[in-house]
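Colleague: Handing over start-v6.tsv, TSV, C-alpha atoms.
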```tsv
chain	number	residue	atom	x	y	z
A	1	MET	CA	146.44	89.64	120.57
A	2	ALA	CA	143.31	89.89	118.38
A	3	ARG	CA	140.82	92.57	119.32
A	4	PRO	CA	138.09	91.33	121.66
A	5	LEU	CA	134.43	91.22	120.69
A	6	SER	CA	132.23	93.49	122.78
A	7	PRO	CA	129.61	91.72	124.95
A	8	HIS	CA	126.31	91.11	123.17
A	9	LEU	CA	123.57	88.52	123.84
A	10	THR	CA	124.37	87.80	127.47
A	11	TRP	CA	124.67	91.50	128.34
A	12	TYR	CA	121.82	92.91	126.29
A	13	LYS	CA	118.71	93.47	128.37
A	14	PRO	CA	115.93	91.01	127.46
A	15	GLN	CA	112.89	92.92	126.26
A	16	ILE	CA	109.48	91.94	125.01
A	17	THR	CA	110.64	92.46	121.41
A	18	SER	CA	113.57	90.04	121.47
A	19	VAL	CA	112.08	87.56	123.96
A	20	LEU	CA	108.92	87.01	121.89
A	21	SER	CA	111.03	86.74	118.75
A	22	ILE	CA	113.22	83.97	120.14
A	23	LEU	CA	110.13	82.26	121.57
A	24	HIS	CA	108.61	82.29	118.09
A	25	ARG	CA	111.61	80.43	116.76
A	26	LEU	CA	111.82	78.00	119.70
A	27	THR	CA	108.10	77.16	119.54
A	28	GLY	CA	108.49	76.66	115.78
A	29	ILE	CA	111.22	74.09	116.40
A	30	ALA	CA	109.15	72.44	119.16
A	31	LEU	CA	106.17	72.20	116.79
A	32	ALA	CA	108.30	70.65	114.05
A	33	VAL	CA	109.26	67.91	116.53
A	34	GLY	CA	105.64	67.73	117.73
A	35	SER	CA	104.40	67.10	114.20
A	36	ILE	CA	106.35	63.81	114.28
A	37	ALA	CA	104.47	62.84	117.44
A	38	LEU	CA	101.21	63.80	115.75
A	39	ALA	CA	102.08	61.78	112.63
A	40	TRP	CA	102.98	58.82	114.84
A	41	TRP	CA	99.62	59.02	116.55
A	42	VAL	CA	97.78	59.05	113.19
A	43	VAL	CA	99.81	56.01	112.08
A	44	ALA	CA	98.97	54.27	115.38
A	45	VAL	CA	95.26	54.94	114.86
A	46	ALA	CA	95.46	53.46	111.36
A	47	VAL	CA	97.39	50.39	112.51
A	48	GLY	CA	95.21	49.90	115.60
A	49	GLY	CA	95.56	46.98	118.00
A	50	ALA	CA	98.60	46.84	120.27
A	51	THR	CA	100.33	49.75	118.48
A	52	PHE	CA	97.38	52.03	119.20
A	53	ALA	CA	97.11	50.79	122.80
A	54	ASN	CA	100.82	51.35	123.46
A	55	THR	CA	100.84	54.79	121.84
A	56	THR	CA	97.77	55.84	123.82
A	57	ALA	CA	99.43	54.59	127.01
A	58	VAL	CA	102.52	56.71	126.33
A	59	TYR	CA	100.54	59.80	125.27
A	60	THR	CA	98.24	59.66	128.31
A	61	SER	CA	101.06	59.04	130.80
A	62	ILE	CA	102.13	61.95	133.01
A	63	ILE	CA	105.19	62.66	130.85
A	64	GLY	CA	103.12	62.35	127.70
A	65	GLN	CA	100.60	64.83	129.07
A	66	ILE	CA	103.35	67.27	130.01
A	67	PHE	CA	104.65	67.12	126.44
A	68	LEU	CA	101.16	67.55	125.00
A	69	PHE	CA	100.57	70.54	127.26
A	70	GLY	CA	103.88	72.02	126.10
A	71	TRP	CA	102.91	71.54	122.47
A	72	THR	CA	99.53	73.16	123.09
A	73	LEU	CA	101.31	76.15	124.59
A	74	ALA	CA	103.77	76.25	121.70
A	75	LEU	CA	101.02	76.02	119.09
A	76	SER	CA	98.92	78.72	120.81
A	77	PHE	CA	101.90	81.05	120.97
A	78	HIS	CA	103.18	80.36	117.46
A	79	LEU	CA	99.70	80.86	116.01
A	80	SER	CA	99.04	84.11	117.91
A	81	ASN	CA	102.46	85.57	117.20
A	82	GLY	CA	102.21	84.39	113.60
A	83	ILE	CA	99.10	86.53	113.18
A	84	ARG	CA	101.10	89.42	114.65
A	85	HIS	CA	103.78	88.78	112.03
A	86	LEU	CA	101.13	88.84	109.27
A	87	PHE	CA	100.11	92.32	110.39
A	88	TRP	CA	103.73	93.46	110.28
A	89	ASP	CA	104.19	91.95	106.82
A	90	ALA	CA	101.18	93.95	105.69
A	91	GLY	CA	102.79	97.09	107.09
A	92	TYR	CA	100.79	97.60	110.29
A	93	GLY	CA	101.67	97.80	113.98
A	94	PHE	CA	105.22	99.13	113.95
A	95	GLU	CA	104.90	101.89	116.57
A	96	MET	CA	106.60	100.83	119.80
A	97	THR	CA	103.43	101.26	121.89
A	98	THR	CA	101.56	98.99	119.44
A	99	VAL	CA	104.43	96.50	119.40
A	100	ASN	CA	104.37	96.26	123.20
A	101	ARG	CA	100.59	95.98	123.32
A	102	SER	CA	100.37	93.37	120.56
A	103	GLY	CA	103.11	91.43	122.36
A	104	MET	CA	101.08	91.38	125.57
A	105	ALA	CA	97.99	90.42	123.55
A	106	VAL	CA	99.91	87.47	122.10
A	107	LEU	CA	100.80	86.26	125.59
A	108	LEU	CA	97.20	86.63	126.72
A	109	MET	CA	95.91	84.78	123.64
A	110	THR	CA	98.45	82.01	124.28
A	111	ALA	CA	97.12	81.50	127.80
A	112	VAL	CA	93.46	81.66	126.74
A	113	LEU	CA	93.86	79.24	123.79
A	114	THR	CA	95.83	76.76	125.90
A	115	ILE	CA	93.25	76.82	128.69
A	116	VAL	CA	90.35	76.46	126.23
A	117	VAL	CA	91.98	73.49	124.47
A	118	TRP	CA	92.65	71.70	127.74
A	119	LEU	CA	89.22	72.45	129.17
A	120	ILE	CA	87.66	70.91	126.05
A	121	ALA	CA	90.06	67.95	126.26
A	122	LEU	CA	89.41	67.32	129.96
A	123	ILE	CA	85.62	67.78	129.83
A	124	GLY	CA	85.11	66.00	126.50
B	1	MET	CA	126.30	79.47	113.15
B	2	ALA	CA	125.59	82.01	115.84
B	3	GLU	CA	128.21	82.24	118.57
B	4	LEU	CA	126.09	82.79	121.66
B	5	THR	CA	128.98	83.34	124.07
B	6	LEU	CA	132.07	85.50	123.82
B	7	PRO	CA	135.29	84.07	122.34
B	8	LYS	CA	138.15	83.30	124.71
B	9	ASN	CA	140.02	86.57	124.11
B	10	SER	CA	136.88	88.59	124.92
B	11	LYS	CA	135.92	87.20	128.32
B	12	VAL	CA	135.53	90.16	130.65
B	13	GLN	CA	137.61	90.06	133.82
B	14	LYS	CA	137.22	91.78	137.18
B	15	GLY	CA	139.01	95.11	137.07
B	16	ARG	CA	140.25	97.79	139.43
B	17	HIS	CA	138.09	99.64	141.94
B	18	PHE	CA	138.48	103.39	142.43
B	19	ALA	CA	136.70	104.03	145.73
B	20	TYR	CA	135.43	107.52	146.57
B	21	ASP	CA	137.66	109.35	149.01
B	22	GLY	CA	135.45	110.88	151.69
B	23	GLU	CA	131.70	111.27	152.18
B	24	ALA	CA	129.81	111.62	148.89
B	25	GLU	CA	126.69	113.77	148.82
B	26	LYS	CA	125.10	111.82	145.94
B	27	PRO	CA	127.13	108.63	145.57
B	28	ARG	CA	126.89	106.52	142.42
B	29	THR	CA	128.95	103.65	141.11
B	30	PHE	CA	129.93	103.25	137.46
B	31	ARG	CA	131.24	99.96	136.10
B	32	ILE	CA	132.98	100.55	132.82
B	33	TYR	CA	134.31	98.12	130.19
B	34	ARG	CA	138.04	98.59	129.70
B	35	TYR	CA	140.30	97.17	127.02
B	36	ASP	CA	143.82	98.38	126.34
B	37	PRO	CA	145.15	97.21	122.97
B	38	SER	CA	148.74	98.04	123.97
B	39	ALA	CA	148.64	95.70	126.97
B	40	ASP	CA	148.49	91.95	126.54
B	41	GLU	CA	145.42	91.65	128.78
B	42	LEU	CA	141.83	90.54	128.55
B	43	PRO	CA	139.10	93.19	128.76
B	44	ARG	CA	137.95	94.02	132.31
B	45	MET	CA	135.31	95.97	134.20
B	46	ASP	CA	136.69	98.86	136.23
B	47	THR	CA	134.57	100.32	139.03
B	48	TYR	CA	134.45	104.05	139.76
B	49	ASP	CA	132.64	105.51	142.76
B	50	ILE	CA	131.82	109.17	142.18
B	51	ASP	CA	129.78	111.94	143.73
B	52	LEU	CA	127.06	113.00	141.29
B	53	ALA	CA	126.98	116.37	143.04
B	54	ASP	CA	130.27	117.13	141.25
B	55	SER	CA	129.10	115.92	137.85
B	56	GLY	CA	126.59	117.02	135.22
B	57	PRO	CA	123.26	115.15	134.94
B	58	MET	CA	123.94	112.98	131.89
B	59	VAL	CA	125.84	109.70	131.61
B	60	LEU	CA	128.29	111.47	129.30
B	61	ASP	CA	128.91	114.12	131.96
B	62	ALA	CA	129.71	111.42	134.49
B	63	ILE	CA	132.15	109.70	132.10
B	64	LEU	CA	133.93	112.99	131.40
B	65	HIS	CA	133.99	113.64	135.15
B	66	ILE	CA	135.66	110.26	135.69
B	67	ILE	CA	138.23	111.03	132.97
B	68	ASP	CA	138.92	114.49	134.42
B	69	THR	CA	139.24	113.51	138.08
B	70	ILE	CA	140.04	109.78	138.33
B	71	ASP	CA	141.27	108.05	135.20
B	72	PRO	CA	142.40	109.97	132.10
B	73	SER	CA	143.18	106.71	130.26
B	74	LEU	CA	139.48	105.95	129.63
B	75	ALA	CA	138.64	106.25	125.92
B	76	LEU	CA	135.30	107.01	124.25
B	77	ARG	CA	133.96	108.82	121.19
B	78	ARG	CA	131.99	111.99	121.79
B	79	SER	CA	131.52	115.33	120.17
B	80	CYS	CA	128.30	117.35	120.23
B	81	ARG	CA	126.94	116.31	123.67
B	82	GLU	CA	123.38	116.97	122.46
B	83	GLY	CA	122.29	113.97	120.39
B	84	VAL	CA	123.05	115.19	116.89
B	85	CYS	CA	126.45	113.64	116.17
B	86	GLY	CA	125.78	110.06	117.26
B	87	SER	CA	129.32	109.51	118.53
B	88	CYS	CA	128.71	108.56	122.16
B	89	ALA	CA	126.44	105.59	121.44
B	90	MET	CA	127.17	102.79	123.90
B	91	ASN	CA	125.49	100.08	125.90
B	92	ILE	CA	124.12	101.58	129.12
B	93	ASN	CA	122.67	99.14	131.67
B	94	GLY	CA	121.98	96.60	128.95
B	95	THR	CA	120.46	98.69	126.17
B	96	ASN	CA	122.02	100.89	123.53
B	97	LYS	CA	121.70	104.62	124.12
B	98	LEU	CA	123.47	107.90	123.52
B	99	ALA	CA	125.39	108.76	126.70
B	100	CYS	CA	124.72	112.46	126.14
B	101	LEU	CA	120.93	112.04	126.04
B	102	THR	CA	120.66	109.61	128.95
B	103	HIS	CA	119.84	111.14	132.33
B	104	ILE	CA	121.60	109.29	135.15
B	105	ASP	CA	118.47	109.77	137.29
B	106	GLU	CA	116.39	108.02	134.62
B	107	LEU	CA	118.36	104.82	135.08
B	108	LYS	CA	117.41	102.20	137.62
B	109	SER	CA	119.10	102.86	140.96
B	110	GLY	CA	122.29	100.97	141.64
B	111	GLU	CA	125.37	100.59	139.52
B	112	VAL	CA	125.53	102.07	136.04
B	113	ARG	CA	127.13	99.57	133.66
B	114	LEU	CA	128.76	100.88	130.49
B	115	SER	CA	130.14	98.79	127.65
B	116	PRO	CA	130.83	99.39	123.94
B	117	LEU	CA	128.07	98.88	121.38
B	118	PRO	CA	127.48	95.11	121.26
B	119	HIS	CA	129.19	92.61	118.98
B	120	LEU	CA	131.83	94.96	117.61
B	121	LYS	CA	135.59	94.49	117.59
B	122	VAL	CA	136.79	96.73	120.41
B	123	ILE	CA	139.45	99.30	119.51
B	124	LYS	CA	139.83	100.63	123.05
B	125	ASP	CA	137.51	100.79	126.09
B	126	LEU	CA	134.14	102.11	124.89
B	127	VAL	CA	135.26	102.56	121.28
B	128	GLY	CA	134.00	99.88	118.88
B	129	ASP	CA	135.17	99.30	115.32
B	130	LEU	CA	132.52	100.65	112.92
B	131	ARG	CA	134.34	99.98	109.66
B	132	THR	CA	132.02	97.16	108.53
B	133	LEU	CA	129.01	99.43	109.06
B	134	TYR	CA	130.61	102.28	107.09
B	135	ALA	CA	131.49	99.88	104.25
B	136	GLN	CA	127.87	98.69	104.21
B	137	LEU	CA	126.66	102.28	104.10
B	138	GLU	CA	128.87	102.88	101.06
B	139	LEU	CA	127.43	99.77	99.42
B	140	ILE	CA	123.89	101.20	99.29
B	141	GLU	CA	125.16	104.43	97.62
B	142	PRO	CA	123.51	106.92	99.98
B	143	TRP	CA	123.38	109.86	97.64
B	144	LEU	CA	120.92	111.29	95.11
B	145	GLN	CA	121.17	109.67	91.68
B	146	ASN	CA	119.19	111.42	89.01
B	147	ASP	CA	119.35	111.04	85.21
B	148	GLN	CA	117.72	114.35	84.26
B	149	ALA	CA	119.75	117.35	83.14
B	150	GLU	CA	120.96	119.41	86.04
B	151	PRO	CA	118.40	122.10	86.90
B	152	GLU	CA	119.32	125.74	87.15
B	153	ARG	CA	118.57	125.74	90.86
B	154	GLU	CA	117.50	122.88	93.20
B	155	ARG	CA	115.51	119.80	92.18
B	156	LEU	CA	111.96	120.47	93.22
B	157	GLN	CA	109.81	118.09	95.22
B	158	LEU	CA	106.13	118.14	96.18
B	159	PRO	CA	105.50	118.69	99.90
B	160	GLU	CA	103.83	115.26	100.15
B	161	ASP	CA	106.90	113.64	98.56
B	162	ARG	CA	109.14	115.52	100.93
B	163	ASP	CA	107.02	114.22	103.82
B	164	LYS	CA	108.05	110.66	102.95
B	165	LEU	CA	111.59	111.45	104.09
B	166	ASP	CA	110.47	112.47	107.58
B	167	GLY	CA	111.47	109.90	110.16
B	168	GLU	CA	114.29	108.70	107.90
B	169	TYR	CA	116.57	111.61	107.07
B	170	GLU	CA	117.01	112.38	110.80
B	171	CYS	CA	119.16	109.28	111.34
B	172	ILE	CA	122.52	110.25	112.83
B	173	LEU	CA	124.20	106.88	112.16
B	174	CYS	CA	124.94	106.20	115.82
B	175	PHE	CA	124.30	102.46	115.17
B	176	CYS	CA	122.38	101.93	118.43
B	177	CYS	CA	119.86	100.01	116.31
B	178	ALA	CA	122.22	97.85	114.25
B	179	THR	CA	124.17	96.71	117.29
B	180	ALA	CA	120.94	95.96	119.22
B	181	CYS	CA	119.81	93.54	116.51
B	182	PRO	CA	120.46	89.83	117.22
B	183	SER	CA	120.23	89.12	113.50
B	184	TYR	CA	122.97	91.66	112.86
B	185	TRP	CA	125.08	90.08	115.62
B	186	TRP	CA	124.93	86.67	113.93
B	187	SER	CA	125.05	87.74	110.27
B	188	GLY	CA	126.55	91.23	110.36
B	189	GLU	CA	129.04	90.44	107.62
B	190	GLN	CA	126.27	89.84	105.07
B	191	TYR	CA	123.10	91.31	106.56
B	192	LEU	CA	123.04	95.10	106.21
B	193	GLY	CA	121.23	95.70	109.49
B	194	PRO	CA	118.59	98.28	110.48
B	195	ALA	CA	120.71	101.45	110.28
B	196	ILE	CA	121.89	100.86	106.72
B	197	LEU	CA	118.50	99.55	105.55
B	198	LEU	CA	116.79	102.67	106.93
B	199	GLN	CA	119.23	104.74	104.84
B	200	ALA	CA	118.58	102.53	101.80
B	201	HIS	CA	114.83	103.12	102.22
B	202	ARG	CA	115.34	106.85	102.56
B	203	TRP	CA	116.72	106.86	98.96
B	204	LEU	CA	114.12	104.38	97.69
B	205	VAL	CA	111.29	106.74	98.60
B	206	ASP	CA	112.97	109.97	97.47
B	207	SER	CA	110.92	111.26	94.53
B	208	ARG	CA	114.01	112.95	93.05
B	209	ASP	CA	115.97	109.70	92.81
B	210	ASP	CA	115.90	107.73	89.52
B	211	ARG	CA	117.63	104.55	90.70
B	212	THR	CA	114.79	102.92	92.64
B	213	GLY	CA	114.89	99.75	90.51
B	214	GLU	CA	118.66	99.30	90.77
B	215	ARG	CA	118.55	100.04	94.49
B	216	LEU	CA	115.89	97.35	94.99
B	217	ASP	CA	117.95	94.90	92.88
B	218	ALA	CA	120.91	95.46	95.19
B	219	LEU	CA	118.79	94.68	98.27
B	220	ASP	CA	116.96	91.64	96.84
B	221	ASP	CA	119.16	89.11	98.59
B	222	PRO	CA	118.47	86.50	101.29
B	223	PHE	CA	121.10	88.05	103.53
B	224	ARG	CA	121.33	91.78	102.82
B	225	LEU	CA	117.63	92.45	103.46
B	226	TYR	CA	115.79	89.30	104.45
B	227	ARG	CA	117.78	88.52	107.58
B	228	CYS	CA	115.40	90.99	109.23
B	229	HIS	CA	112.94	88.89	111.22
B	230	THR	CA	111.02	91.83	112.67
B	231	ILE	CA	112.53	91.36	116.12
B	232	MET	CA	112.03	95.13	116.70
B	233	ASN	CA	115.04	95.63	118.98
B	234	CYS	CA	116.17	98.33	116.51
B	235	THR	CA	113.13	100.55	116.85
B	236	ASN	CA	113.15	99.97	120.60
B	237	ALA	CA	116.75	101.23	120.78
B	238	CYS	CA	116.68	104.27	118.46
B	239	PRO	CA	117.54	107.39	120.51
B	240	LYS	CA	115.95	109.60	117.86
B	241	GLY	CA	112.62	107.74	117.94
B	242	LEU	CA	112.95	106.57	114.33
B	243	ASN	CA	111.54	103.28	113.05
B	244	PRO	CA	114.04	101.21	111.04
B	245	ALA	CA	111.87	98.07	111.31
B	246	LYS	CA	109.01	99.83	109.57
B	247	ALA	CA	111.30	101.05	106.77
B	248	ILE	CA	112.64	97.51	106.28
B	249	ALA	CA	109.11	96.07	106.13
B	250	ASP	CA	108.19	98.69	103.54
B	251	THR	CA	111.26	97.76	101.48
B	252	LYS	CA	110.20	94.10	101.56
B	253	ARG	CA	106.73	95.10	100.38
B	254	MET	CA	108.18	97.25	97.57
B	255	LEU	CA	110.03	94.14	96.38
B	256	ALA	CA	106.93	91.95	96.76
B	257	ARG	CA	104.81	94.39	94.76
B	258	ARG	CA	107.44	94.55	92.02
B	259	GLY	CA	107.28	90.75	91.75
```
Output the file's structure in the form of structure tokens.
Modeller:
Amino acid sequence: MARPLSPHLTWYKPQITSVLSILHRLTGIALAVGSIALAWWVVAVAVGGATFANTTAVYTSIIGQIFLFGWTLALSFHLSNGIRHLFWDAGYGFEMTTVNRSGMAVLLMTAVLTIVVWLIALIG
Amino acid sequence: MAELTLPKNSKVQKGRHFAYDGEAEKPRTFRIYRYDPSADELPRMDTYDIDLADSGPMVLDAILHIIDTIDPSLALRRSCREGVCGSCAMNINGTNKLACLTHIDELKSGEVRLSPLPHLKVIKDLVGDLRTLYAQLELIEPWLQNDQAEPERERLQLPEDRDKLDGEYECILCFCCATACPSYWWSGEQYLGPAILLQAHRWLVDSRDDRTGERLDALDDPFRLYRCHTIMNCTNACPKGLNPAKAIADTKRMLARRG
């Protein structure tokens, strides 16, 4: 019998390092899909009439709003963590205490940006 | 493509339970990954109840206690028992550590779960196959290469140049970092991983070495170096407190500056 592979992903303890890293990738994928929805909306605005009315109806429905909220979260996270990556690429912030703190800062920024965007959207 | 779950022949089964005979003063349960290559069986988790009052304070002490008093068939690598040889690296309660440097009391209460370093072919029990990692170490030529005539005595180095090796030469090649890296799990055949790249950097920054350009050429590859996505699991795992992620980022910047 071939030698077994030792347990990895499912046994390794999730930690802020790996969890934020996989979230960065997942939000990136979500945003790539979201950009199609954004492009569709721009097209609908240009076409106008029934297309615009139907698109607006879908986007303002409960499900549409849930998706938009998700994309706001994804964008806020990807942007904040992207800035963190820029610091790393420039050679800063590699000590574990800094890594943990910047990770928490990213999560805080994600919440703040999302709330600000939705407050503006709901008030405006 | 990344295989997120274990292949069929690697699924871990329920194993045997060695209950403690009598009243333990300081009871603790160890669940240990077992695989016997001579038996045609899947790997399993065996459970050992021991009395910590009879054992030393470290995880390695407890394992040796289990081997001595309960089950001599349990296999692991160990040598120095003080964190300088790097042999007893294993996965302890979900993260990679040296068994000899890990206090049992430091761990969360409850069962202690031990398994081999992640995503390695298992030779037996807690012993993983490190041959790929050793081959990758050989690939980066981890020795001084200098074109000058041999000096009468040692090759001299300024103190500030010597300082650049601090935090890098101390690596004991236990591979806690490499086997904690998801990128190394999915691309370990081509990506060199944090342990080897830390070694590569150690020779890149050595003022006595004349092969910096060639060494950078050898690393300038989408897989060998650039599969590092700054996940930082490596630095988080290093039992010597070294920073492979920082060394990798510096290597990337050396290449970027070179153009």
Colleague: With chain B as the partner and 8 Å as the cut-off, tabulate the residues of chain A that qualify, each row holding the nearest pair of atoms and their distance in Å to one decimal, using all atoms listed in the file, sorted by chain and rising number, as a Markdown table.
Modeller:
```
| residue | atom | partner | partner_atom | distance |
| --- | --- | --- | --- | --- |
| A:Met1 | CA | B:Asp40 | CA | 6.7 |
| A:Ala2 | CA | B:Asn9 | CA | 7.4 |
| A:Arg3 | CA | B:Lys121 | CA | 5.8 |
| A:Pro4 | CA | B:Ser10 | CA | 4.4 |
| A:Leu5 | CA | B:Lys121 | CA | 4.7 |
| A:Ser6 | CA | B:His119 | CA | 4.9 |
| A:Pro7 | CA | B:Pro118 | CA | 5.4 |
| A:His8 | CA | B:Pro118 | CA | 4.6 |
| A:Leu9 | CA | B:Leu4 | CA | 6.6 |
| A:Thr10 | CA | B:Thr5 | CA | 7.3 |
| A:Trp11 | CA | B:Gly94 | CA | 5.8 |
| A:Tyr12 | CA | B:Gly94 | CA | 4.6 |
| A:Lys13 | CA | B:Gly94 | CA | 4.6 |
| A:Thr17 | CA | B:Met232 | CA | 5.6 |
| A:Ser18 | CA | B:Ile231 | CA | 5.6 |
| A:Ser21 | CA | B:Ile231 | CA | 5.5 |
| A:His85 | CA | B:Thr230 | CA | 7.9 |
| A:Trp88 | CA | B:Ala249 | CA | 7.3 |
| A:Asp89 | CA | B:Ala249 | CA | 6.5 |
| A:Ala90 | CA | B:Arg253 | CA | 7.8 |
| A:Gly91 | CA | B:Ala249 | CA | 6.5 |
| A:Phe94 | CA | B:Lys246 | CA | 5.8 |
| A:Glu95 | CA | B:Asn243 | CA | 7.6 |
| A:Met96 | CA | B:Asn236 | CA | 6.7 |
```
Colleague: How far is it from CA of Thr29 (chain B) to CA of Gly110 (chain B), in Å with one decimal?
Modeller: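 We find that CA of Thr29 (chain B) and CA of Gly110 (chain B) lie 7.2 Å from each other.
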Colleague: For Leu204 (chain B), which of B:Cys171, B:Leu225, B:Leu165, B:Leu130 is the closest residue, counting all atoms listed in the file?
Modeller: B:Leu165
Colleague: What does the distance from CA of Phe18 (chain B) to CA of Asp51 (chain B) come to in Å, to one decimal?
Modeller: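 Distance between the two atoms: 12.3 Å.
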Colleague: Could you please determine the separation between CA of Leu114 (chain B) and CA of Gln199 (chain B) in Å, to one decimal place?
Modeller: 27.6 Å
Colleague: Do you know which residues are at most 10 Å from Leu23 (chain A) counting only C-alpha atoms, after dropping those on the same chain fewer than 5 positions away, and could you put them as number ranges by chain?
Modeller: A: 18, 28-29, 74, 77-78, 81
Colleague: For Leu137 (chain B), work out the shell of residues within 10 Å, counting all atoms listed in the file and skipping chain neighbours fewer than 4 positions away, then give it as a ChimeraX atom specification.
Modeller: /B:131-133,141-142,173,192,195-197,199-200
Colleague: Smallest atom-to-atom distance to Gln145 (chain B): which of B:Thr102, B:Gln190, B:Ser207, B:Ser183, using only C-alpha atoms?
Modeller: B:Ser207
Colleague: Write out as a list of chain:residue names each polymer residue whose atoms come within 7 Å of Thr47 (chain B), counting only C-alpha atoms; drop sequence neighbours fewer than 6 positions from it.
Modeller: B:Arg16, B:His17, B:Phe18, B:Thr29, B:Phe30, B:Arg31, B:Ile32
Colleague: Write the residues you've just listed into a file as a PDB file, keeping the file's coordinate frame, and include C-alpha atoms for each of them.
Modeller:
```pdb
ATOM      1  CA  ARG B  16     140.250  97.790 139.430  1.00  0.00           C
ATOM      2  CA  HIS B  17     138.090  99.640 141.940  1.00  0.00           C
ATOM      3  CA  PHE B  18     138.480 103.390 142.430  1.00  0.00           C
ATOM      4  CA  THR B  29     128.950 103.650 141.110  1.00  0.00           C
ATOM      5  CA  PHE B  30     129.930 103.250 137.460  1.00  0.00           C
ATOM      6  CA  ARG B  31     131.240  99.960 136.100  1.00  0.00           C
ATOM      7  CA  ILE B  32     132.980 100.550 132.820  1.00  0.00           C
TER       8      ILE B  32
END
```
Colleague: Take the point (128.6, 118.1, 125.9) in the file's coordinates, draw a sphere of radius 10 Å around it, and report as a count of residues only every protein, DNA or RNA residue with an atom inside or on it, counting all atoms listed in the file.
Modeller: 14
Colleague: Identify which of the residues A:Leu107, A:Ala121, A:Leu75, A:Val43 lies closest to Leu20 (chain A), counting only C-alpha atoms when measuring atom-to-atom distances.
Modeller: A:Leu107
Colleague: Which residues are near Leu68 (chain A)? Cut-off 12 Å, only C-alpha atoms, ignore same chain within fewer than 4 positions. Put them as a list in words.
Modeller: Ala30, Leu31, Val33, Gly34, Ser35, Ala37, Leu38, Val58, Tyr59, Thr60, Ser61, Ile62, Ile63, Gly64, Thr72, Leu73, Ala74, Leu75, Thr114, Val117, Trp118 and Ala121 of chain A
Colleague: When you count all atoms listed in the file, which of these residues is closest to Pro194 (chain B): B:Glu168, B:Asp161, B:Asp221, B:Glu154?
Modeller: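 The closest residue to Pro194 (chain B) is B:Glu168.
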Colleague: Return region 3-7 of chain A, completed with all heavy atoms, as a compact mmCIF listing (two decimals), in the coordinates of the input.
Modeller:
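Output file rebuild_14.txt is given in full below:
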```txt
# COMPACT_ATOMS: atom_id res chain seq x y z
N ARG A 3 141.75 91.70 118.59
CA ARG A 3 140.82 92.57 119.32
C ARG A 3 139.65 91.76 119.87
O ARG A 3 139.13 90.90 119.19
CB ARG A 3 140.27 93.64 118.38
CG ARG A 3 141.32 94.62 117.93
CD ARG A 3 140.66 95.78 117.21
NE ARG A 3 141.67 96.63 116.60
CZ ARG A 3 142.40 97.51 117.28
NH1 ARG A 3 142.24 97.62 118.57
NH2 ARG A 3 143.29 98.25 116.67
N PRO A 4 139.23 92.07 121.09
CA PRO A 4 138.09 91.33 121.66
C PRO A 4 136.78 91.77 121.01
O PRO A 4 136.69 92.84 120.41
CB PRO A 4 138.11 91.73 123.14
CG PRO A 4 138.80 93.05 123.18
CD PRO A 4 139.76 93.08 122.03
N LEU A 5 135.78 90.91 121.15
CA LEU A 5 134.43 91.22 120.69
C LEU A 5 133.67 91.79 121.87
O LEU A 5 133.72 91.24 122.97
CB LEU A 5 133.78 89.92 120.20
CG LEU A 5 132.53 90.00 119.36
CD1 LEU A 5 132.83 90.70 118.03
CD2 LEU A 5 132.00 88.60 119.09
N SER A 6 132.96 92.90 121.66
CA SER A 6 132.23 93.49 122.78
C SER A 6 131.06 92.58 123.18
O SER A 6 130.50 91.89 122.35
CB SER A 6 131.74 94.89 122.41
OG SER A 6 130.99 94.84 121.22
N PRO A 7 130.69 92.59 124.46
CA PRO A 7 129.61 91.72 124.95
C PRO A 7 128.30 91.99 124.21
O PRO A 7 127.99 93.14 123.91
CB PRO A 7 129.48 92.11 126.42
CG PRO A 7 130.76 92.78 126.78
CD PRO A 7 131.26 93.43 125.53
```
